Every structure is written in C-alpha cells, then in structure tokens.
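> Sharing structure_19.txt (compact mmCIF, C-alpha atoms) below.
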# COMPACT_ATOMS: atom_id res chain seq x y z
CA MET A 1 3.79 -4.92 -21.52
CA LEU A 2 4.04 -1.14 -21.80
CA THR A 3 5.81 0.18 -24.88
CA ASP A 4 6.88 3.72 -25.76
CA SER A 5 3.68 4.18 -27.76
CA THR A 6 1.36 2.78 -25.08
CA ARG A 7 3.06 4.89 -22.41
CA ARG A 8 2.43 8.03 -24.45
CA ARG A 9 -1.14 6.93 -25.16
CA ASP A 10 -2.10 5.84 -21.66
CA PHE A 11 -0.09 8.35 -19.58
CA PRO A 12 -0.09 11.66 -21.46
CA ALA A 13 0.52 13.52 -18.17
CA LEU A 14 4.07 12.12 -18.17
CA GLU A 15 5.00 14.15 -21.25
CA GLY A 16 7.78 16.62 -20.43
CA ILE A 17 8.43 15.43 -16.87
CA THR A 18 10.48 12.78 -15.09
CA TYR A 19 8.04 11.31 -12.59
CA LEU A 20 9.68 9.21 -9.87
CA ASN A 21 7.21 9.78 -7.03
CA THR A 22 4.68 6.95 -7.35
CA ALA A 23 5.28 5.88 -3.74
CA ALA A 24 3.48 9.12 -2.82
CA GLU A 25 1.05 9.64 -5.70
CA SER A 26 0.66 7.66 -8.89
CA ILE A 27 -0.09 9.00 -12.34
CA PRO A 28 -3.26 7.07 -13.33
CA PRO A 29 -3.75 5.82 -16.87
CA LEU A 30 -6.47 7.40 -18.98
CA CYS A 31 -8.79 4.46 -18.36
CA VAL A 32 -9.06 5.57 -14.73
CA GLY A 33 -10.30 8.99 -15.80
CA GLU A 34 -12.78 7.29 -18.10
CA ALA A 35 -14.00 5.15 -15.18
CA ILE A 36 -14.53 8.31 -13.11
CA GLN A 37 -16.60 9.76 -15.95
CA THR A 38 -18.62 6.55 -16.03
CA TYR A 39 -19.31 7.01 -12.32
CA TRP A 40 -20.49 10.56 -13.03
CA ARG A 41 -22.88 9.41 -15.72
CA ASP A 42 -24.23 6.71 -13.41
CA LYS A 43 -24.54 9.22 -10.58
CA GLU A 44 -26.55 11.55 -12.81
CA ARG A 45 -29.20 8.84 -12.96
CA GLY A 46 -29.89 9.31 -9.25
CA MET A 47 -31.21 6.27 -7.44
CA LYS A 48 -31.35 4.38 -10.75
CA GLY A 49 -27.55 4.63 -10.89
CA ARG A 50 -27.07 2.53 -7.79
CA ASP A 51 -27.38 -0.74 -9.68
CA ALA A 52 -24.32 0.27 -11.71
CA HIS A 53 -22.54 1.51 -8.57
CA PHE A 54 -22.90 -1.79 -6.74
CA ALA A 55 -21.99 -3.76 -9.87
CA GLN A 56 -18.71 -1.83 -9.96
CA VAL A 57 -18.09 -2.64 -6.29
CA GLU A 58 -18.45 -6.35 -7.00
CA ALA A 59 -16.23 -6.14 -10.08
CA CYS A 60 -13.61 -4.30 -8.03
CA ARG A 61 -13.89 -6.90 -5.26
CA GLU A 62 -13.23 -9.67 -7.78
CA ILE A 63 -10.09 -8.11 -9.30
CA SER A 64 -8.80 -6.94 -5.90
CA ALA A 65 -9.12 -10.47 -4.54
CA ARG A 66 -7.25 -11.88 -7.50
CA MET A 67 -4.44 -9.35 -7.08
CA ILE A 68 -3.89 -10.22 -3.40
CA GLY A 69 -4.48 -13.96 -3.71
CA LEU A 70 -7.81 -14.28 -1.87
CA GLU A 71 -11.42 -15.08 -2.71
CA PRO A 72 -13.85 -12.22 -3.42
CA SER A 73 -15.80 -13.06 -0.26
CA GLU A 74 -12.60 -12.41 1.71
CA VAL A 75 -12.12 -8.86 0.41
CA SER A 76 -13.83 -5.61 1.27
CA PHE A 77 -13.23 -1.86 1.10
CA CYS A 78 -13.08 1.19 3.32
CA SER A 79 -11.85 4.75 2.81
CA CYS A 80 -8.12 4.41 3.49
CA SER A 81 -5.54 2.35 5.38
CA SER A 82 -5.92 4.54 8.48
CA GLU A 83 -9.60 3.65 8.74
CA ALA A 84 -8.77 -0.01 8.19
CA TYR A 85 -6.28 -0.06 11.06
CA ASN A 86 -8.64 1.67 13.45
CA LEU A 87 -11.29 -0.90 12.56
CA LEU A 88 -8.71 -3.64 13.12
CA ALA A 89 -8.07 -2.22 16.58
CA SER A 90 -11.81 -2.36 17.21
CA ALA A 91 -11.93 -5.99 16.09
CA LEU A 92 -9.04 -7.06 18.32
CA ASN A 93 -10.15 -5.05 21.36
CA LEU A 94 -6.80 -5.56 23.07
CA GLY A 95 -6.11 -4.85 26.72
CA ALA A 96 -3.20 -3.89 28.95
CA THR A 97 -1.86 -7.45 29.23
CA ASP A 98 -1.75 -7.96 25.46
CA GLU A 99 1.27 -7.15 23.32
CA VAL A 100 1.58 -5.73 19.80
CA VAL A 101 4.76 -5.66 17.72
CA VAL A 102 5.26 -2.78 15.28
CA THR A 103 8.34 -1.71 13.33
CA ASP A 104 10.20 1.57 13.02
CA LEU A 105 9.92 1.31 9.23
CA ASP A 106 6.12 1.27 9.25
CA PHE A 107 3.75 4.03 8.17
CA PRO A 108 2.03 5.75 11.15
CA ALA A 109 -1.40 4.38 10.21
CA GLY A 110 -0.34 0.86 11.11
CA ALA A 111 1.40 1.76 14.36
CA THR A 112 -0.58 4.50 16.07
CA PRO A 113 -3.96 2.81 16.79
CA TRP A 114 -2.27 0.74 19.49
CA LEU A 115 -0.82 3.89 21.09
CA THR A 116 -4.09 5.81 21.25
CA ALA A 117 -6.41 3.10 22.59
CA ILE A 118 -8.31 3.84 25.80
CA GLU A 119 -6.66 0.76 27.32
CA SER A 120 -3.47 0.45 25.33
CA PRO A 121 -1.75 -2.90 24.82
CA GLN A 122 1.97 -3.08 25.38
CA THR A 123 3.74 -2.04 22.21
CA GLN A 124 7.03 -3.70 21.28
CA LEU A 125 9.15 -1.92 18.68
CA TRP A 126 11.04 -4.03 16.16
CA LYS A 127 13.91 -1.77 15.16
CA ALA A 128 15.68 -1.88 11.82
CA ARG A 129 19.41 -2.47 11.67
CA ASP A 130 21.23 -0.66 8.85
CA GLY A 131 17.85 0.02 7.28
CA GLU A 132 16.67 -3.60 7.33
CA LEU A 133 14.43 -5.61 9.64
CA GLN A 134 16.31 -8.70 10.77
CA VAL A 135 14.35 -11.63 12.16
CA LYS A 136 16.91 -12.24 14.92
CA ASP A 137 15.89 -8.87 16.41
CA LEU A 138 12.22 -9.85 16.32
CA LEU A 139 12.60 -13.12 18.22
CA PRO A 140 12.97 -11.61 21.75
CA LEU A 141 9.79 -9.58 21.19
CA LEU A 142 7.56 -12.60 20.57
CA ASN A 143 5.85 -14.54 23.35
CA GLU A 144 2.54 -16.03 24.49
CA HIS A 145 1.14 -12.52 25.10
CA THR A 146 1.75 -11.31 21.55
CA ARG A 147 -1.59 -10.77 19.84
CA LEU A 148 -0.60 -8.85 16.72
CA VAL A 149 2.51 -8.32 14.64
CA GLN A 150 2.09 -5.38 12.25
CA VAL A 151 4.48 -4.96 9.31
CA SER A 152 4.71 -3.39 5.88
CA LEU A 153 5.77 -5.69 3.09
CA VAL A 154 7.68 -2.73 1.63
CA SER A 155 8.60 0.20 3.85
CA PHE A 156 7.30 3.61 2.82
CA TYR A 157 10.37 5.14 4.46
CA ASN A 158 13.33 3.48 2.76
CA GLY A 159 11.97 0.78 0.43
CA HIS A 160 13.12 -2.14 2.57
CA ARG A 161 11.20 -5.28 1.62
CA LEU A 162 10.56 -7.71 4.42
CA ALA A 163 11.92 -11.23 3.99
CA TRP A 164 8.47 -12.73 4.39
CA ARG A 165 9.03 -16.44 4.91
CA PRO A 166 11.56 -16.24 7.79
CA PHE A 167 9.45 -13.51 9.42
CA CYS A 168 6.19 -15.44 9.16
CA ASP A 169 7.74 -18.68 10.41
CA ALA A 170 9.18 -16.90 13.45
CA VAL A 171 5.80 -15.44 14.43
CA ARG A 172 3.93 -18.71 13.94
CA ASN A 173 6.47 -20.65 16.01
CA LEU A 174 7.07 -18.23 18.91
CA ALA A 175 3.74 -16.40 19.17
CA PRO A 176 1.06 -18.92 18.16
CA GLN A 177 -1.78 -16.63 19.35
CA ALA A 178 -0.59 -13.68 17.27
CA LEU A 179 -2.17 -12.43 14.10
CA ILE A 180 0.00 -11.06 11.29
CA SER A 181 -1.17 -7.84 9.69
CA VAL A 182 0.62 -6.62 6.56
CA ASP A 183 0.35 -3.28 4.80
CA VAL A 184 0.97 -3.79 1.06
CA THR A 185 0.39 -0.17 0.03
CA GLN A 186 3.98 0.16 -1.22
CA ALA A 187 3.92 -3.24 -2.92
CA LEU A 188 0.54 -3.94 -4.55
CA GLY A 189 0.78 -3.22 -8.26
CA ARG A 190 4.58 -3.11 -8.31
CA VAL A 191 5.98 -6.36 -6.88
CA MET A 192 4.93 -9.99 -6.88
CA LEU A 193 3.23 -10.45 -3.52
CA ASP A 194 4.53 -13.29 -1.36
CA CYS A 195 2.48 -12.61 1.78
CA VAL A 196 -0.57 -14.71 0.93
CA ASP A 197 -0.56 -16.40 4.34
CA ALA A 198 -0.99 -13.14 6.28
CA ASP A 199 -4.01 -12.93 8.57
CA ILE A 200 -5.09 -9.52 7.27
CA VAL A 201 -3.88 -7.56 4.24
CA ILE A 202 -4.42 -3.80 3.98
CA SER A 203 -3.67 -1.37 1.17
CA SER A 204 -4.40 2.18 0.11
CA THR A 205 -5.36 2.71 -3.53
CA HIS A 206 -3.67 5.87 -4.83
CA LYS A 207 -0.07 4.72 -5.16
CA TRP A 208 1.29 1.72 -7.13
CA THR A 209 -2.22 0.49 -7.91
CA LEU A 210 -2.68 3.63 -10.07
CA GLY A 211 -6.05 4.43 -8.48
CA ILE A 212 -7.28 7.54 -6.67
CA HIS A 213 -7.83 8.68 -3.09
CA GLY A 214 -10.67 7.48 -0.92
CA GLY A 215 -10.17 3.75 -1.14
CA GLY A 216 -8.74 1.05 1.09
CA ILE A 217 -8.53 -2.68 0.40
CA ILE A 218 -8.97 -5.15 3.25
CA GLY A 219 -8.31 -8.85 2.77
CA ILE A 220 -9.12 -11.32 5.54
CA PRO A 221 -8.98 -15.08 4.86
CA GLN A 222 -12.12 -16.90 5.91
CA ARG A 223 -10.19 -18.76 8.62
CA ASN A 224 -9.83 -15.45 10.49
CA ALA A 225 -13.30 -14.01 9.89
CA GLY A 226 -14.49 -14.70 13.43
CA ARG A 227 -11.42 -13.21 15.11
CA LEU A 228 -11.30 -10.17 12.84
CA THR A 229 -14.80 -8.74 12.97
CA THR A 230 -15.09 -5.09 13.91
CA HIS A 231 -17.18 -3.73 16.76
CA ALA A 232 -17.88 -0.47 14.94
CA GLY A 233 -21.25 1.16 14.40
CA GLY A 234 -22.60 1.85 10.94
CA TRP A 235 -25.05 0.12 8.63
CA TYR A 236 -23.52 -1.30 5.46
CA HIS A 237 -21.71 -4.00 7.41
CA LEU A 238 -24.84 -5.09 9.28
CA ARG A 239 -27.13 -7.93 8.28
CA ASN A 240 -30.12 -6.38 10.06
CA ALA A 241 -29.56 -2.69 9.28
CA PHE A 242 -33.21 -2.15 8.30
CA ASP A 243 -34.92 -5.05 10.10
CA ALA A 244 -37.53 -4.51 12.78
CA ASP A 245 -35.01 -5.27 15.54
CA ARG A 246 -32.35 -2.83 14.28
CA PHE A 247 -32.53 -0.66 17.41
CA GLU A 248 -32.27 -3.65 19.72
CA ARG A 249 -29.20 -5.41 18.33
CA ALA A 250 -26.56 -5.11 15.62
CA ASP A 251 -25.95 -8.27 13.60
CA THR A 252 -22.50 -7.65 12.12
CA LYS A 253 -21.16 -9.43 9.05
CA THR A 254 -17.92 -11.22 9.82
CA GLY A 255 -14.37 -10.72 8.61
CA ALA A 256 -13.56 -8.38 5.76
CA ALA A 257 -17.21 -7.46 5.20
CA SER A 258 -17.35 -5.94 8.68
CA PHE A 259 -14.76 -3.31 7.63
CA SER A 260 -17.17 -1.70 5.14
CA VAL A 261 -19.21 0.14 7.74
CA GLY A 262 -20.81 2.79 5.52
CA MET A 263 -21.78 3.56 1.95
CA PRO A 264 -18.89 2.61 -0.36
CA ASN A 265 -16.87 5.43 -1.88
CA PHE A 266 -18.11 4.42 -5.30
CA VAL A 267 -15.94 6.74 -7.37
CA SER A 268 -12.72 5.38 -5.86
CA LEU A 269 -13.86 1.82 -6.57
CA TYR A 270 -14.76 2.63 -10.18
CA ALA A 271 -11.22 3.98 -10.48
CA LEU A 272 -9.62 1.04 -8.67
CA ASN A 273 -11.49 -1.51 -10.76
CA ALA A 274 -10.12 0.15 -13.90
CA SER A 275 -6.57 0.59 -12.61
CA LEU A 276 -6.15 -2.95 -11.30
CA ARG A 277 -7.46 -4.42 -14.53
CA TYR A 278 -5.05 -2.21 -16.44
CA LEU A 279 -2.17 -3.50 -14.30
CA GLU A 280 -3.34 -7.07 -14.75
CA ASP A 281 -3.41 -6.61 -18.52
CA VAL A 282 0.13 -5.21 -18.47
CA GLY A 283 1.20 -8.00 -16.09
CA ILE A 284 2.83 -7.47 -12.71
CA GLU A 285 5.58 -9.85 -13.76
CA ASN A 286 6.27 -7.60 -16.76
CA ILE A 287 6.33 -4.52 -14.56
CA VAL A 288 8.85 -6.24 -12.28
CA ALA A 289 11.01 -7.31 -15.21
CA HIS A 290 11.03 -3.77 -16.61
CA ALA A 291 11.23 -1.65 -13.47
CA ASP A 292 13.56 -3.68 -11.23
CA PRO A 293 16.65 -3.13 -13.42
CA LEU A 294 15.86 0.60 -13.49
CA THR A 295 15.56 0.66 -9.69
CA ALA A 296 18.87 -1.19 -9.38
CA GLU A 297 20.42 1.39 -11.70
CA VAL A 298 19.13 4.20 -9.49
CA GLU A 299 20.75 2.61 -6.43
CA ALA A 300 24.05 2.06 -8.22
CA GLY A 301 23.98 5.60 -9.60
CA LEU A 302 23.41 7.10 -6.18
CA LYS A 303 26.35 5.19 -4.76
CA GLU A 304 28.59 6.30 -7.62
CA ARG A 305 27.72 9.89 -6.70
CA GLY A 306 28.56 9.41 -3.03
CA LEU A 307 24.95 9.06 -1.85
CA GLN A 308 24.31 6.15 0.50
CA PRO A 309 20.86 4.51 0.20
CA LEU A 310 19.04 4.09 3.50
CA CYS A 311 18.87 0.36 2.90
CA PRO A 312 20.37 -1.94 0.28
CA TRP A 313 18.25 -2.74 -2.75
CA ARG A 314 18.19 -6.52 -3.12
CA SER A 315 17.59 -8.19 -6.46
CA ASP A 316 16.37 -11.36 -4.71
CA ASN A 317 13.76 -9.41 -2.70
CA PRO A 318 13.16 -6.23 -4.67
CA SER A 319 10.96 -3.18 -4.20
CA GLY A 320 10.37 -0.06 -6.25
CA ILE A 321 11.85 2.43 -3.77
CA VAL A 322 15.33 3.79 -3.12
CA ALA A 323 15.88 6.53 -0.53
CA PHE A 324 18.81 8.54 0.81
CA LYS A 325 19.66 11.37 3.17
CA HIS A 326 21.88 14.38 2.47
CA PRO A 327 22.68 17.52 4.48
CA ASP A 328 21.27 19.62 1.62
CA CYS A 329 18.14 17.56 0.84
CA SER A 330 16.04 20.72 0.44
CA ILE A 331 18.45 22.14 -2.12
CA LEU A 332 18.59 18.85 -4.02
CA HIS A 333 14.81 18.58 -4.05
CA ALA A 334 14.30 22.16 -5.25
CA ALA A 335 16.89 21.75 -8.01
CA LEU A 336 15.30 18.50 -9.20
CA GLU A 337 11.85 20.10 -9.20
CA HIS A 338 13.25 22.98 -11.26
CA GLU A 339 14.26 20.40 -13.87
CA HIS A 340 10.77 18.83 -13.75
CA ILE A 341 12.08 15.75 -11.94
CA HIS A 342 9.51 14.68 -9.37
CA ILE A 343 10.73 12.83 -6.27
CA MET A 344 9.67 12.85 -2.60
CA HIS A 345 11.31 15.02 0.06
CA GLN A 346 9.84 14.16 3.45
CA ALA A 347 10.87 12.84 6.87
CA GLY A 348 14.43 14.02 6.36
CA ARG A 349 15.10 11.96 3.26
CA ILE A 350 14.69 11.91 -0.50
CA ARG A 351 12.73 8.96 -1.87
CA ILE A 352 12.80 7.78 -5.48
CA ALA A 353 10.11 5.41 -6.78
CA VAL A 354 10.30 3.52 -10.08
CA HIS A 355 7.14 2.06 -11.64
CA GLY A 356 6.32 0.35 -14.92
CA TYR A 357 5.72 3.64 -16.72
CA ASN A 358 9.24 4.87 -15.98
CA THR A 359 11.98 4.64 -18.56
CA GLN A 360 15.74 4.52 -18.96
CA GLU A 361 15.56 8.19 -19.87
CA ASP A 362 13.91 8.97 -16.53
CA VAL A 363 16.74 7.33 -14.61
CA GLY A 364 19.35 9.04 -16.77
CA ASN A 365 17.75 12.45 -16.20
CA LEU A 366 17.67 11.93 -12.44
CA LEU A 367 21.30 10.85 -12.17
CA ARG A 368 22.56 13.51 -14.55
CA VAL A 369 20.89 16.36 -12.68
CA LEU A 370 21.90 14.97 -9.30
CA GLU A 371 25.52 14.84 -10.38
CA THR A 372 25.40 18.47 -11.52
CA ILE A 373 23.78 19.63 -8.27
CA LEU A 374 26.18 17.69 -6.05
CA ARG A 375 29.14 19.43 -7.65
CA LYS A 376 27.71 22.76 -6.49
CA VAL A 377 26.57 22.03 -2.93
Write out the structure in this file as structure tokens.

Amino acid sequence: MLTDSTRRRDFPALEGITYLNTAAESIPPLCVGEAIQTYWRDKERGMKGRDAHFAQVEACREISARMIGLEPSEVSFCSCSSEAYNLLASALNLGATDEVVVTDLDFPAGATPWLTAIESPQTQLWKARDGELQVKDLLPLLNEHTRLVQVSLVSFYNGHRLAWRPFCDAVRNLAPQALISVDVTQALGRVMLDCVDADIVISSTHKWTLGIHGGGIIGIPQRNAGRLTTHAGGWYHLRNAFDADRFERADTKTGAASFSVGMPNFVSLYALNASLRYLEDVGIENIVAHADPLTAEVEAGLKERGLQPLCPWRSDNPSGIVAFKHPDCSILHAALEHEHIHIMHQAGRIRIAVHGYNTQEDVGNLLRVLETILRKV
C-alpha cells in the first residue's frame, strides 16, 4: 500500500499540487520513466535491441492478462482505444439489417465506428436516467437483430459504474447473438473489475493504469477468437507476412492477436509493463480501500456546497470519478487551477478523479477552495 513516504518517493511530480485529474491523464510513478529509459538504451542497440523489445511485449501481455482476468494468449495491443474499436468494426463487418446498442455515457471512440461505416448498422441509443444506465431501459432495445452492445464499465462523463451482472444477464437472455464489448479505460487500475465474462475488453493506457500514450489493450476470450478477427491489412497480425504466398493471400491470426496489425509501440508497452506491475505490487484492493472513502467524501462535500453530482456515487458499485455542472464552470476551473488544483473542465462539466496517490489533504484543498469560490460567484 502507498504511504506518505512512498508517495513522495514514487510520485515527486505531485509535490506542491493537488492532482485530481487522473481520468484524463495520470501522473506515472518514477518506475515508468525508468522503463522508458530502458527502452531508449535498448533502442540505441539498433536491430540487436529488438530481442529486448519483444521480451517486454510478452511481459506486458502477461501482466495485462492477469489484470483483466484473461490468459496471455487472449490479450494483444494496439495504439489506442479508437484504433481498437475501428478494428472491432472491421471484425464484425455489420450491415444495414444488424443492430448495435451504444450508450449516451460512452466515450466517442466506442460509439462512432458504427455511425461512420460505409453500410451502417442500425444504432440504438441506451439513454441514462438521472445519470445512470438502468437495465429496464435497455430491454426494449434488445432483439434477435442485435449484434453488439457497447458499454463502458465506468463512464468517462460522470463516473457512473454499470451494474454489470443485471446488464450482462439481460443481453444474454434477450439478444443471444449479440457480443458485449466493454471499455475499461476508466476502471482498469482503479476498481476491482467484475466484467470478466465480456466478449471483448478494451482499454487505453495513459489514465488509471499510470502508463503513457500510444497503447491500447485488447482482451478477447478464446471462445470468441473466430468471431472477433479483424479484416484489416498490415503484417504483424499475419501468419504468412513474409512467406512466398504473401501477395496471394493474407493468413490472419485470430482473436486478440489480429488487433496488433503493425509494429508494436514498444515504448508504451515498456511503460505499461512497469506501471501495471507497480499497481499490482500496491494492490488494486488497497487502492480501492484507500481511494473510495476519499471519493465518497468528495461527493458529500460537493452536495454540502450546493453542487449536485451528475450521478450518485454508490459505495456498493464504486468508481473513482465524481462530476458536476455549474453555470460558472469556467470560473471555478480557472480559480482551482490558480490554486494548483488540477481537475477536468470539458463537455460542460467539471470532473474530479481520485486515485491511490491522492490524500485526505487533496480532498480538503479541493473542497476548501471550492467553498471560497462559490461564495464569490
């Protein structure tokens, strides 16, 4: 578990600031910077460095699989969640008679590939009610034509965490042909994942995982490998990329491996390997035990100051995000920044994110400054 001394040692960049913006960008621990330097030293060896590069990929695959509850052979990497979703669209190759369900709490990357396809499937929008997705509103959208239901385990917008079991049971019962795709970008590294029976798991790497840009995790259980194989060009995902028949046919690896279409972004995977192992050493359960009470305190403090969170924070299904709207969001954001309090102001709302490296002092600083500002606006 992180202590005051290990926080100061591992996250020196946090000195003098209140950082509550991990849902946008994390502050990586020093070991991530050291991993990047290791990449540089390996890269300086030229072609001889590739043995080390690919060893890091396999090490990162192993820890990534463990973190999302799959086998290493069921996990692969691409450059970001947007690429992953476009490759998923390629794998599904849906047509005009097919239906896809997306939510209005999802990040654009998971929703827009179905809107931009040459032959777009019918898109059904599962709308939140009072900031939460309720299964009763999903039921009328599911039928024998549903081929994909795309959700985020935790919403980037307001921190709502999907009640996974009722959701999954509804899809399996009412749309037996549908695949469930879940974006865990706002969950992995911060909450205990309960979506192990999803058909495909996707995550970016520069938020709660404490990694850097340029990485995307894809997890596809072996049972779905045949159904979820991309039709993209490339080389790294091909079995016959350099065989004599390479210009006559493309023999694509199946499942997750098919999503790694080009040379891995090695530096991001060096970083991710280090950051995930750091989180594993700290213990996700310890992060939850430390950060959830702080997140609950943020929500309670906002309410005490007349600010209504965009969705309720639930102790029985928690996330690391609390968000609110205010007529003077720009003023609030600027005043907080002036006090070196880092939060997110985007999409008409202010979003506060609490990770394992945050402290009681961070929450106190936020609420104290907010109270002062609100008296003036």
> Between A:Gln360, A:Ser268, A:Thr209, A:Asn93, single out the one closest to Thr230 (chain A), counting all atoms listed in the file.
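For Thr230 (chain A), the nearest of the candidates is A:Asn93.
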> Write out as a CSV table (one decimal) with C-alpha atoms, in the frame of the given file which residues come within 8 Å of region 83-86 of chain A when counting only C-alpha atoms, dropping same-chain ones fewer than 4 positions away.

chain,number,residue,atom,x,y,z
A,78,CYS,CA,-13.1,1.2,3.3
A,79,SER,CA,-11.8,4.8,2.8
A,90,SER,CA,-11.8,-2.4,17.2
A,109,ALA,CA,-1.4,4.4,10.2
A,110,GLY,CA,-0.3,0.9,11.1
A,113,PRO,CA,-4.0,2.8,16.8
A,202,ILE,CA,-4.4,-3.8,4.0
A,216,GLY,CA,-8.7,1.0,1.1
A,218,ILE,CA,-9.0,-5.2,3.2
A,259,PHE,CA,-14.8,-3.3,7.6
> Which neighbours of Leu238 (chain A) fall inside 10 Å, counting all atoms listed in the file, when residues of the same chain fewer than 6 positions from it are skipped, and could you give them as a count of residues only?
11
> What gap, in Å, lies between CA of Ile118 (chain A) and CA of Gln150 (chain A)?
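CA of Ile118 (chain A) sits 19.4 Å away from CA of Gln150 (chain A).
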> Mind pulling up the distance from CA of Leu228 (chain A) to CA of Gln56 (chain A)?
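Calculated distance between CA of Gln56 (chain A) and CA of Leu228 (chain A) is 25.4 Å.
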> Just how far from CA of Glu119 (chain A) is CA of Ser76 (chain A), in Å to one decimal?
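Distance between the two atoms: 27.8 Å.
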> Ranking A:Pro121, A:Gly69, A:Pro166, A:Gly214 by minimum distance to Val267 (chain A) and counting only C-alpha atoms, which one comes first?
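Of A:Pro121, A:Gly69, A:Pro166, A:Gly214, the one nearest Val267 (chain A), counting only C-alpha atoms, is A:Gly214.
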> Can you tell me which residues surround Leu162 (chain A) at a distance of at most 12 Å, considering all atoms listed in the file, apart from same-chain residues fewer than 4 positions away, and format the answer as an NGL selection string?
:A and (103 or 105-106 or 128 or 131-135 or 150-156 or 158 or 166-168 or 182-184 or 186-187 or 193-195 or 311 or 313-314 or 316-319)
> With all atoms listed in the file as the atoms that count, which of A:Met192, A:Ile217, A:Ala198, A:Leu179 lies nearest to Ser82 (chain A)?
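With all atoms listed in the file as the atom set, the closest residue is A:Ile217.
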> Excluding Arg50 (chain A) and any residue of its chain fewer than 2 positions from it, enumerate the residues within 12 Å of it, using all atoms listed in the file, and give them as an mmCIF file with C-alpha atoms, in the coordinates of the input.

data_model
loop_
_atom_site.group_PDB
_atom_site.id
_atom_site.type_symbol
_atom_site.label_atom_id
_atom_site.label_comp_id
_atom_site.auth_asym_id
_atom_site.auth_seq_id
_atom_site.Cartn_x
_atom_site.Cartn_y
_atom_site.Cartn_z
ATOM 1 C CA TYR A 39 -19.310 7.010 -12.320
ATOM 2 C CA TRP A 40 -20.490 10.560 -13.030
ATOM 3 C CA ARG A 41 -22.880 9.410 -15.720
ATOM 4 C CA ASP A 42 -24.230 6.710 -13.410
ATOM 5 C CA LYS A 43 -24.540 9.220 -10.580
ATOM 6 C CA GLU A 44 -26.550 11.550 -12.810
ATOM 7 C CA ARG A 45 -29.200 8.840 -12.960
ATOM 8 C CA GLY A 46 -29.890 9.310 -9.250
ATOM 9 C CA MET A 47 -31.210 6.270 -7.440
ATOM 10 C CA LYS A 48 -31.350 4.380 -10.750
ATOM 11 C CA ALA A 52 -24.320 0.270 -11.710
ATOM 12 C CA HIS A 53 -22.540 1.510 -8.570
ATOM 13 C CA PHE A 54 -22.900 -1.790 -6.740
ATOM 14 C CA ALA A 55 -21.990 -3.760 -9.870
ATOM 15 C CA GLN A 56 -18.710 -1.830 -9.960
ATOM 16 C CA VAL A 57 -18.090 -2.640 -6.290
ATOM 17 C CA MET A 263 -21.780 3.560 1.950
ATOM 18 C CA PRO A 264 -18.890 2.610 -0.360
ATOM 19 C CA PHE A 266 -18.110 4.420 -5.300
ATOM 20 C CA VAL A 267 -15.940 6.740 -7.370
#
> So, counting all atoms listed in the file, which residue among A:Asn365, A:Gln124, A:Gln308, A:Thr22 is closest to Ile212 (chain A)?
A:Thr22
> Which is closer to Glu71 (chain A) than all the others in A:Asp10, A:Ile373, A:Pro221, A:Thr146, using all atoms listed in the file?
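With all atoms listed in the file as the atom set, the closest residue is A:Pro221.
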> Pick the closest to Gln122 (chain A) from A:Arg165, A:Arg147, A:Arg8, A:His342: which is it, counting all atoms listed in the file?
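Distance minimum relative to Gln122 (chain A) lands on A:Arg147.
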> For a quick check of your reading of the model, name the residues lying within 7 Å of the coordinate (-1.2, -12.2, 6.5), counting all atoms listed in the file, and write them as a PDB file with C-alpha atoms, keeping the file's coordinate frame.

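Written file, result-v6.pdb:
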ATOM      1  CA  ILE A 180       0.000 -11.060  11.290  1.00  0.00           C
ATOM      2  CA  SER A 181      -1.170  -7.840   9.690  1.00  0.00           C
ATOM      3  CA  VAL A 182       0.620  -6.620   6.560  1.00  0.00           C
ATOM      4  CA  CYS A 195       2.480 -12.610   1.780  1.00  0.00           C
ATOM      5  CA  VAL A 196      -0.570 -14.710   0.930  1.00  0.00           C
ATOM      6  CA  ASP A 197      -0.560 -16.400   4.340  1.00  0.00           C
ATOM      7  CA  ALA A 198      -0.990 -13.140   6.280  1.00  0.00           C
ATOM      8  CA  ASP A 199      -4.010 -12.930   8.570  1.00  0.00           C
ATOM      9  CA  ILE A 200      -5.090  -9.520   7.270  1.00  0.00           C
ATOM     10  CA  VAL A 201      -3.880  -7.560   4.240  1.00  0.00           C
TER      11      VAL A 201
END
